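Colleague: File name coords.txt; file contents compact mmCIF, C-alpha atoms; full text below.
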# COMPACT_ATOMS: atom_id res chain seq x y z
CA MET A 1 -25.78 23.73 15.86
CA ALA A 2 -25.89 21.09 18.59
CA PHE A 3 -22.49 20.00 19.83
CA TYR A 4 -22.16 16.46 21.16
CA PHE A 5 -19.51 14.42 22.91
CA ILE A 6 -20.31 10.83 22.03
CA THR A 7 -19.56 8.64 25.03
CA GLY A 8 -21.25 6.31 27.43
CA ASN A 9 -18.69 7.14 30.11
CA GLU A 10 -19.99 9.63 32.69
CA ASN A 11 -16.53 10.37 34.08
CA LYS A 12 -15.14 11.29 30.68
CA PHE A 13 -18.21 13.40 29.93
CA ALA A 14 -17.83 15.33 33.19
CA GLU A 15 -14.17 16.05 32.38
CA VAL A 16 -14.97 17.30 28.87
CA LYS A 17 -17.97 19.34 30.06
CA SER A 18 -15.78 21.12 32.61
CA VAL A 19 -13.57 22.41 29.76
CA LEU A 20 -16.26 22.83 27.09
CA PRO A 21 -19.47 23.81 28.93
CA LYS A 22 -21.60 23.87 25.75
CA VAL A 23 -21.08 20.21 24.98
CA GLU A 24 -23.93 17.73 25.45
CA GLN A 25 -23.58 14.03 26.07
CA LEU A 26 -24.76 11.63 23.37
CA VAL A 27 -24.76 7.91 24.00
CA LEU A 28 -24.49 6.22 20.60
CA ASP A 29 -23.14 2.74 20.12
CA LEU A 30 -20.84 3.09 17.10
CA PRO A 31 -18.91 0.16 15.65
CA GLU A 32 -15.20 0.27 16.48
CA ILE A 33 -13.01 -0.76 13.55
CA GLN A 34 -9.91 -2.86 14.15
CA ASP A 35 -6.80 -0.74 13.90
CA VAL A 36 -3.76 0.20 15.92
CA ASP A 37 -4.03 3.81 14.74
CA ALA A 38 -6.39 5.60 17.12
CA THR A 39 -6.93 8.45 14.65
CA GLU A 40 -8.37 6.02 12.08
CA ILE A 41 -10.72 4.53 14.68
CA VAL A 42 -11.96 7.93 15.86
CA GLU A 43 -12.43 9.19 12.29
CA ALA A 44 -14.45 6.11 11.28
CA LYS A 45 -16.73 6.64 14.29
CA LEU A 46 -17.22 10.34 13.57
CA LEU A 47 -18.14 9.66 9.93
CA GLU A 48 -20.62 7.02 11.10
CA ALA A 49 -22.13 9.41 13.66
CA LEU A 50 -22.63 12.08 10.98
CA LYS A 51 -24.80 9.61 9.04
CA HIS A 52 -27.12 9.18 12.02
CA LYS A 53 -27.67 12.64 13.41
CA GLU A 54 -27.35 16.37 12.71
CA GLY A 55 -24.74 18.23 14.69
CA GLU A 56 -21.08 18.63 15.49
CA PHE A 57 -19.42 15.75 17.27
CA ILE A 58 -16.41 14.98 19.35
CA ILE A 59 -15.13 11.50 20.11
CA GLU A 60 -12.09 10.60 22.14
CA ASP A 61 -9.84 7.58 22.32
CA THR A 62 -7.45 7.13 25.20
CA SER A 63 -5.02 4.28 24.72
CA LEU A 64 -2.00 2.81 26.42
CA TYR A 65 1.15 2.11 24.40
CA PHE A 66 3.85 -0.24 25.71
CA ASN A 67 7.45 0.25 24.66
CA CYS A 68 8.15 -3.50 24.99
CA LEU A 69 5.35 -4.33 22.53
CA ASN A 70 6.25 -1.66 19.99
CA GLY A 71 3.09 0.30 20.71
CA LEU A 72 0.63 -2.45 21.59
CA PRO A 73 -1.90 -2.60 23.20
CA GLY A 74 -2.67 0.92 21.89
CA PRO A 75 -6.36 1.21 20.98
CA LEU A 76 -6.73 -2.54 21.56
CA ILE A 77 -6.21 -2.00 25.30
CA LYS A 78 -9.80 -2.87 26.20
CA TRP A 79 -9.36 -6.40 24.81
CA PHE A 80 -6.15 -6.87 26.75
CA LEU A 81 -7.96 -5.77 29.90
CA LYS A 82 -10.84 -8.11 29.17
CA THR A 83 -8.60 -11.15 28.59
CA ILE A 84 -5.58 -10.74 30.89
CA GLY A 85 -6.46 -7.79 33.13
CA ASN A 86 -4.11 -5.30 34.78
CA GLN A 87 -2.14 -8.08 36.43
CA GLY A 88 -1.51 -9.72 33.04
CA LEU A 89 -0.53 -6.40 31.48
CA PHE A 90 1.95 -5.73 34.28
CA ASN A 91 3.27 -9.27 33.92
CA ILE A 92 4.12 -8.73 30.25
CA THR A 93 6.19 -5.62 30.89
CA ASP A 94 7.81 -7.24 33.91
CA LYS A 95 8.80 -10.42 32.05
CA LEU A 96 9.90 -8.56 28.92
CA GLY A 97 12.02 -6.29 31.12
CA ASP A 98 10.79 -2.92 29.88
CA ASN A 99 8.02 -1.09 31.73
CA LYS A 100 8.07 2.18 29.74
CA ALA A 101 4.68 3.23 28.43
CA GLU A 102 2.79 6.18 27.04
CA ALA A 103 -0.83 7.12 27.64
CA LYS A 104 -2.25 9.01 24.70
CA THR A 105 -5.58 10.66 23.98
CA ILE A 106 -6.81 11.48 20.50
CA ILE A 107 -9.83 13.77 20.29
CA GLY A 108 -11.58 14.00 16.94
CA TYR A 109 -13.87 16.93 16.25
CA ALA A 110 -16.18 16.77 13.24
CA GLU A 111 -17.80 20.00 12.09
CA ASN A 112 -19.10 18.02 9.11
CA LYS A 113 -17.77 15.13 7.04
CA HIS A 114 -15.30 17.36 5.21
CA GLN A 115 -13.97 19.11 8.30
CA VAL A 116 -12.63 16.66 10.83
CA HIS A 117 -9.85 17.80 13.17
CA PHE A 118 -7.68 15.85 15.59
CA PHE A 119 -6.03 16.89 18.83
CA ALA A 120 -3.56 14.76 20.74
CA GLY A 121 -2.25 14.72 24.28
CA SER A 122 0.18 12.27 25.76
CA ILE A 123 2.04 11.52 28.95
CA LYS A 124 4.93 9.15 29.55
CA GLY A 125 5.05 6.74 32.43
CA ARG A 126 5.75 3.24 33.69
CA ILE A 127 3.65 0.11 34.08
CA VAL A 128 3.68 -1.01 37.70
CA PHE A 129 2.07 -3.72 39.81
CA PRO A 130 -1.61 -2.66 40.21
CA ARG A 131 -2.17 -0.10 43.01
CA GLY A 132 -5.31 1.84 43.91
CA ASP A 133 -8.92 1.59 42.83
CA SER A 134 -10.44 3.16 39.80
CA ASN A 135 -13.36 3.25 37.47
CA PHE A 136 -10.91 3.82 34.63
CA GLY A 137 -9.64 0.45 33.47
CA TRP A 138 -5.84 0.60 33.47
CA ASP A 139 -5.34 3.47 35.92
CA PRO A 140 -3.98 1.09 38.63
CA ILE A 141 -0.95 0.10 36.52
CA PHE A 142 0.02 3.48 35.00
CA GLN A 143 2.43 5.59 37.03
CA PRO A 144 3.23 8.89 35.27
CA GLU A 145 6.89 9.87 34.95
CA GLY A 146 8.00 11.95 37.93
CA TYR A 147 5.18 10.76 40.20
CA SER A 148 5.09 8.10 42.89
CA LYS A 149 1.35 7.43 42.58
CA THR A 150 -0.51 5.52 39.90
CA PHE A 151 -3.42 7.26 38.19
CA ALA A 152 -5.70 5.12 40.35
CA GLU A 153 -4.09 6.49 43.54
CA MET A 154 -4.56 10.14 42.51
CA ASN A 155 -7.70 12.18 43.13
CA SER A 156 -9.31 13.78 40.10
CA GLU A 157 -7.59 17.17 40.68
CA GLU A 158 -4.15 15.56 40.73
CA LYS A 159 -4.95 13.47 37.70
CA ASN A 160 -6.53 16.26 35.65
CA ALA A 161 -3.48 18.45 36.26
CA ILE A 162 -1.34 16.07 34.20
CA SER A 163 -4.00 14.25 32.15
CA MET A 164 -3.33 13.41 28.49
CA ARG A 165 -7.05 13.92 27.95
CA ARG A 166 -6.83 17.42 29.43
CA ILE A 167 -3.91 18.31 27.15
CA ALA A 168 -5.87 17.24 24.07
CA LEU A 169 -9.02 18.95 25.35
CA ASN A 170 -7.21 22.25 25.86
CA LYS A 171 -5.98 22.11 22.24
CA LEU A 172 -9.54 21.52 21.08
CA LYS A 173 -10.82 24.39 23.25
CA GLU A 174 -8.23 26.74 21.77
CA PHE A 175 -9.16 25.64 18.24
CA ILE A 176 -12.87 26.26 18.87
CA ASN A 177 -12.23 29.65 20.51
CA ASN A 178 -10.18 30.78 17.51
CA LYS A 179 -12.65 29.72 14.82
CA MET B 1 -28.04 -18.31 -6.29
CA ALA B 2 -24.43 -17.15 -6.55
CA PHE B 3 -22.19 -18.49 -3.79
CA TYR B 4 -19.22 -16.36 -2.78
CA PHE B 5 -16.22 -16.73 -0.54
CA ILE B 6 -15.27 -13.20 0.43
CA THR B 7 -11.52 -12.94 0.63
CA GLY B 8 -8.61 -11.12 -0.93
CA ASN B 9 -6.31 -14.04 -0.17
CA GLU B 10 -5.66 -16.26 -3.21
CA ASN B 11 -4.22 -19.09 -1.12
CA LYS B 12 -7.27 -19.28 1.10
CA PHE B 13 -9.57 -19.11 -1.91
CA ALA B 14 -7.74 -22.00 -3.62
CA GLU B 15 -8.08 -24.10 -0.46
CA VAL B 16 -11.82 -23.43 -0.16
CA LYS B 17 -12.42 -23.93 -3.90
CA SER B 18 -10.79 -27.36 -3.72
CA VAL B 19 -13.41 -28.46 -1.17
CA LEU B 20 -16.37 -26.47 -2.50
CA PRO B 21 -15.95 -26.27 -6.29
CA LYS B 22 -19.04 -24.09 -6.83
CA VAL B 23 -17.73 -21.22 -4.76
CA GLU B 24 -16.60 -18.00 -6.46
CA GLN B 25 -14.13 -15.48 -5.08
CA LEU B 26 -15.40 -12.06 -4.13
CA VAL B 27 -12.99 -9.36 -3.06
CA LEU B 28 -14.92 -6.96 -0.86
CA ASP B 29 -13.30 -4.73 1.71
CA LEU B 30 -15.57 -5.07 4.73
CA PRO B 31 -14.95 -3.24 7.99
CA GLU B 32 -13.62 -5.49 10.74
CA ILE B 33 -15.13 -4.74 14.13
CA GLN B 34 -12.99 -4.87 17.25
CA ASP B 35 -13.68 -8.00 19.22
CA VAL B 36 -11.88 -11.01 20.64
CA ASP B 37 -14.75 -13.27 19.58
CA ALA B 38 -14.12 -14.35 15.98
CA THR B 39 -17.75 -15.41 15.53
CA GLU B 40 -18.93 -11.86 16.24
CA ILE B 41 -16.44 -10.45 13.73
CA VAL B 42 -17.43 -12.91 10.98
CA GLU B 43 -21.14 -12.37 11.60
CA ALA B 44 -20.80 -8.58 11.40
CA LYS B 45 -18.99 -8.92 8.08
CA LEU B 46 -21.57 -11.31 6.64
CA LEU B 47 -24.44 -9.00 7.58
CA GLU B 48 -22.58 -6.10 5.97
CA ALA B 49 -21.93 -8.13 2.80
CA LEU B 50 -25.63 -8.99 2.50
CA LYS B 51 -26.41 -5.27 2.35
CA HIS B 52 -24.13 -4.84 -0.66
CA LYS B 53 -24.82 -7.77 -2.92
CA GLU B 54 -27.24 -10.61 -3.71
CA GLY B 55 -26.04 -14.10 -2.98
CA GLU B 56 -24.91 -16.55 -0.36
CA PHE B 57 -21.63 -15.79 1.36
CA ILE B 58 -18.92 -17.45 3.32
CA ILE B 59 -16.27 -15.63 5.34
CA GLU B 60 -13.55 -17.21 7.39
CA ASP B 61 -11.43 -16.04 10.28
CA THR B 62 -8.32 -17.93 11.29
CA SER B 63 -6.81 -16.76 14.54
CA LEU B 64 -4.06 -17.73 16.91
CA TYR B 65 -4.82 -18.05 20.64
CA PHE B 66 -2.01 -18.07 23.21
CA ASN B 67 -2.45 -19.89 26.49
CA CYS B 68 -0.12 -17.43 28.30
CA LEU B 69 -2.31 -14.48 27.22
CA ASN B 70 -5.62 -16.11 28.07
CA GLY B 71 -6.60 -16.30 24.39
CA LEU B 72 -4.94 -13.19 22.97
CA PRO B 73 -3.99 -12.38 20.23
CA GLY B 74 -7.04 -14.28 18.86
CA PRO B 75 -8.63 -12.32 16.01
CA LEU B 76 -6.31 -9.41 16.82
CA ILE B 77 -3.34 -11.44 15.54
CA LYS B 78 -2.81 -9.26 12.49
CA TRP B 79 -2.11 -6.22 14.67
CA PHE B 80 0.36 -8.18 16.77
CA LEU B 81 2.11 -9.27 13.56
CA LYS B 82 2.13 -5.70 12.29
CA THR B 83 3.62 -4.25 15.47
CA ILE B 84 5.90 -6.91 16.94
CA GLY B 85 6.11 -9.61 14.23
CA ASN B 86 6.68 -13.33 14.64
CA GLN B 87 9.85 -12.74 16.64
CA GLY B 88 7.96 -10.55 19.10
CA LEU B 89 5.15 -13.10 19.39
CA PHE B 90 7.63 -15.88 20.10
CA ASN B 91 9.39 -13.65 22.61
CA ILE B 92 6.18 -13.18 24.63
CA THR B 93 5.54 -16.93 24.98
CA ASP B 94 9.21 -17.53 25.71
CA LYS B 95 9.46 -14.88 28.44
CA LEU B 96 6.09 -15.76 29.96
CA GLY B 97 7.19 -19.41 30.04
CA ASP B 98 4.19 -20.98 28.29
CA ASN B 99 4.28 -21.69 24.56
CA LYS B 100 0.95 -23.54 24.26
CA ALA B 101 -1.33 -22.18 21.56
CA GLU B 102 -4.36 -23.02 19.49
CA ALA B 103 -5.02 -22.16 15.86
CA LYS B 104 -8.72 -21.84 15.18
CA THR B 105 -10.80 -21.20 12.09
CA ILE B 106 -14.37 -19.97 12.17
CA ILE B 107 -16.28 -20.15 8.91
CA GLY B 108 -19.53 -18.25 8.71
CA TYR B 109 -22.04 -19.15 6.01
CA ALA B 110 -24.92 -16.75 5.35
CA GLU B 111 -27.82 -18.04 3.28
CA ASN B 112 -29.57 -14.77 4.12
CA LYS B 113 -29.60 -12.44 7.10
CA HIS B 114 -31.80 -14.77 9.13
CA GLN B 115 -29.86 -17.92 8.37
CA VAL B 116 -26.22 -17.58 9.36
CA HIS B 117 -24.33 -20.73 10.34
CA PHE B 118 -20.88 -21.18 11.89
CA PHE B 119 -18.38 -24.01 11.60
CA ALA B 120 -15.22 -24.26 13.66
CA GLY B 121 -11.99 -26.16 13.31
CA SER B 122 -9.03 -26.01 15.65
CA ILE B 123 -5.61 -27.53 16.19
CA LYS B 124 -3.36 -27.34 19.21
CA GLY B 125 0.31 -26.57 19.01
CA ARG B 126 3.29 -24.64 20.33
CA ILE B 127 4.81 -21.26 19.54
CA VAL B 128 8.43 -21.69 18.48
CA PHE B 129 11.27 -19.51 17.23
CA PRO B 130 10.35 -18.63 13.59
CA ARG B 131 11.31 -21.35 11.08
CA GLY B 132 10.47 -21.62 7.37
CA ASP B 133 9.01 -19.22 4.85
CA SER B 134 5.36 -18.60 4.25
CA ASN B 135 2.79 -16.36 2.71
CA PHE B 136 0.61 -17.01 5.73
CA GLY B 137 1.60 -14.58 8.45
CA TRP B 138 2.27 -16.60 11.60
CA ASP B 139 2.94 -20.01 10.01
CA PRO B 140 6.68 -19.80 10.90
CA ILE B 141 5.98 -19.78 14.66
CA PHE B 142 3.18 -22.37 14.88
CA GLN B 143 4.25 -26.00 15.34
CA PRO B 144 1.25 -28.36 15.56
CA GLU B 145 1.19 -30.85 18.43
CA GLY B 146 2.85 -34.13 17.42
CA TYR B 147 4.82 -32.59 14.54
CA SER B 148 8.41 -31.41 14.30
CA LYS B 149 7.77 -28.88 11.53
CA THR B 150 6.15 -25.49 11.73
CA PHE B 151 3.27 -24.77 9.34
CA ALA B 152 5.74 -22.72 7.30
CA GLU B 153 8.02 -25.74 6.87
CA MET B 154 5.21 -27.99 5.60
CA ASN B 155 4.11 -28.23 1.99
CA SER B 156 0.44 -27.58 1.29
CA GLU B 157 -0.48 -31.32 1.31
CA GLU B 158 1.05 -31.81 4.75
CA LYS B 159 -0.59 -28.68 6.04
CA ASN B 160 -4.02 -29.31 4.56
CA ALA B 161 -4.06 -32.79 6.10
CA ILE B 162 -4.16 -31.27 9.58
CA SER B 163 -5.47 -27.78 8.82
CA MET B 164 -7.96 -26.14 11.17
CA ARG B 165 -9.40 -24.45 8.09
CA ARG B 166 -9.91 -27.83 6.42
CA ILE B 167 -11.72 -29.19 9.48
CA ALA B 168 -14.13 -26.25 9.46
CA LEU B 169 -14.52 -26.47 5.68
CA ASN B 170 -15.43 -30.13 5.82
CA LYS B 171 -18.15 -29.34 8.37
CA LEU B 172 -19.50 -26.65 6.05
CA LYS B 173 -19.39 -29.05 3.09
CA GLU B 174 -21.33 -31.68 5.02
CA PHE B 175 -23.92 -29.06 6.06
CA ILE B 176 -24.40 -27.91 2.47
CA ASN B 177 -24.63 -31.48 1.13
CA ASN B 178 -27.34 -32.32 3.67
CA LYS B 179 -29.50 -29.25 3.06
Show me, as structure tokens, the structure contained in the file I just sent.

Modeller:
Amino acid sequence: MAFYFITGNENKFAEVKSVLPKVEQLVLDLPEIQDVDATEIVEAKLLEALKHKEGEFIIEDTSLYFNCLNGLPGPLIKWFLKTIGNQGLFNITDKLGDNKAEAKTIIGYAENKHQVHFFAGSIKGRIVFPRGDSNFGWDPIFQPEGYSKTFAEMNSEEKNAISMRRIALNKLKEFINNK
Amino acid sequence: MAFYFITGNENKFAEVKSVLPKVEQLVLDLPEIQDVDATEIVEAKLLEALKHKEGEFIIEDTSLYFNCLNGLPGPLIKWFLKTIGNQGLFNITDKLGDNKAEAKTIIGYAENKHQVHFFAGSIKGRIVFPRGDSNFGWDPIFQPEGYSKTFAEMNSEEKNAISMRRIALNKLKEFINNK
């Protein structure tokens, strides 16, 4: 049975492929429902994907949760980036006086529509004034707890060593190996 | 041809029915795509509705746009209300030092999938500390420009006289009458 990671993001695909060599990339534009629960969003996409194609699928959501906004932006982060950017996101935490944040990945794995499994990984950190370049949207403002660099200032080895995506991926790998 | 306003909200239905007496209420749970463009969201819902049922449909989106967040929350307002509430919304504008906002309704009218029309109505105002009760979510924090009451402190006559929904509705009514 073909095993697909549905993403248009080459960086994310490379990271997943390095942990799960059998996975193939599938670019499929699936509607993203409005929700602040990433698990619901990922599940809706997986169920939609199963209608379109044969195979097993994985989909990931990596979101940024602000303490000062009681969990927002969460999965809505891309709209915050589009409207106010990293500078605007930093500004909110700065003005509200609480820069604590959590970066969280949810990976959903659908064997079929009745067997959908979720794996989470998260890392705590702080929102800082943007530093460093990155292809990943909010990496310049997220500084993991215990580190002096933002994600955007780390190379991929440094970042993968503490990545929330890597934590979730390793749980998925263990699940698949024990099937 | 049956003519439906798709909504689960009795208050909104009563307001639309008073302007367009022929309209019937249809409660249909349509997926809401993630976007900050209300027109895109309404259009996606209308096209989905047309797949499920015969008829002509109207769907409305009323959203709240903050100047200090470059247009957010916009159509994502319900998630802001769910996570941080009216107090949290006020707090953002207060701490960011800019309480200007705009309340905007988009009404989409689908005669069929090839003929979808949009009508907008908007009203400027300020975000204030919550005052008054309301069934409408953010009415307690929205004070229209030139008024000393929030929407939640107005009775329905006062509110309808300046309502962004009424402005959009009247445009729709004129369009239908001139067909």

Colleague: What's around B:Asn70 at 8 Å? Count all atoms listed in the file, leave out sequence neighbours fewer than 5 positions away in its own chain, and write the answer as a list in words.

Modeller: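 Neighbouring residues, sequence-local ones excluded: Thr83 and Ile84 of chain A; Tyr65 of chain B.
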
Colleague: Using only C-alpha atoms for the distances, tell me which of B:Asp133, B:Glu174, B:Asp35, B:Glu145 is nearest to A:Phe80.

Modeller: B:Asp35

Colleague: Excluding B:Val19 and any residue of its chain fewer than 6 positions from it, enumerate the residues within 9 Å of it, using all atoms listed in the file, and give them as a PyMOL selection string.

Modeller: chain B and resi 166+169-170+173

Colleague: Show which residues sit within 7 Å of stretch 42-59 of chain B, as a short mmCIF file (atom, residue, chain, number, x, y, z; two decimals) with C-alpha atoms, in the frame of the given file. Count only C-alpha atoms, and ignore same-chain residues fewer than 2 positions away.

Modeller:
data_model
loop_
_atom_site.label_atom_id
_atom_site.label_comp_id
_atom_site.auth_asym_id
_atom_site.auth_seq_id
_atom_site.Cartn_x
_atom_site.Cartn_y
_atom_site.Cartn_z
CA MET B 1 -28.04 -18.31 -6.29
CA ALA B 2 -24.43 -17.15 -6.55
CA PHE B 3 -22.19 -18.49 -3.79
CA TYR B 4 -19.22 -16.36 -2.78
CA PHE B 5 -16.22 -16.73 -0.54
CA ILE B 6 -15.27 -13.20 0.43
CA LEU B 30 -15.57 -5.07 4.73
CA PRO B 31 -14.95 -3.24 7.99
CA GLU B 32 -13.62 -5.49 10.74
CA ALA B 38 -14.12 -14.35 15.98
CA THR B 39 -17.75 -15.41 15.53
CA GLU B 40 -18.93 -11.86 16.24
CA ASP B 61 -11.43 -16.04 10.28
CA ILE B 107 -16.28 -20.15 8.91
CA GLY B 108 -19.53 -18.25 8.71
CA TYR B 109 -22.04 -19.15 6.01
CA ALA B 110 -24.92 -16.75 5.35
CA GLU B 111 -27.82 -18.04 3.28
CA ASN B 112 -29.57 -14.77 4.12
CA LYS B 113 -29.60 -12.44 7.10
#

Colleague: Between A:Lys104, A:Lys149, A:Lys179, A:Lys17, single out the one closest to A:Phe119, counting all atoms listed in the file.

Modeller: A:Lys104

Colleague: Using only C-alpha atoms, find the residues of chain A whose closest atom to chain B is at most 12 Å away, then write them as a ChimeraX atom specification.

Modeller: /A:30-37,41,44-45,65-85,87-97

Colleague: Using Å and a single decimal, report how far atom CA of A:Phe118 sits from atom CA of A:Leu172.

Modeller: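 Here the two named atoms are 8.1 Å from each other.
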
Colleague: Mind giving me the straight-line distance from atom CA of A:Val23 to atom CA of A:Glu60 in Å, one decimal?

Modeller: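 Those two atoms sit 13.5 Å apart.
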
Colleague: Would you mind reading off the distance between atom CA of B:Ser148 and atom CA of B:Phe136, one decimal, in Å?

Modeller: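 So the two atoms, atom CA of B:Ser148 and atom CA of B:Phe136, lie 18.5 Å apart.
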
Colleague: Report, as AutoDock Vina command-line options, the centre and edge lengths in Å (one decimal) of the axis-aligned box enclosing every listed atom of stretch 88-96 of chain B, padded by 6 Å on each side.

Modeller:
--center_x 7.3 --center_y -14.0 --center_z 24.5 --size_x 16.3 --size_y 19.0 --size_z 22.9

Colleague: Ranking A:His117, A:Asn178, A:Phe13, A:Ala103 by minimum distance to A:Phe151 and counting only C-alpha atoms, which one comes first?

Modeller: A:Ala103

Colleague: For a quick check of understanding, using all atoms listed in the file, which of A:Ile123, A:Ile176, A:Ile141, A:Leu28 has the smallest distance to A:Ala161?

Modeller: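 Among the listed residues, the smallest separation from A:Ala161 belongs to A:Ile123.
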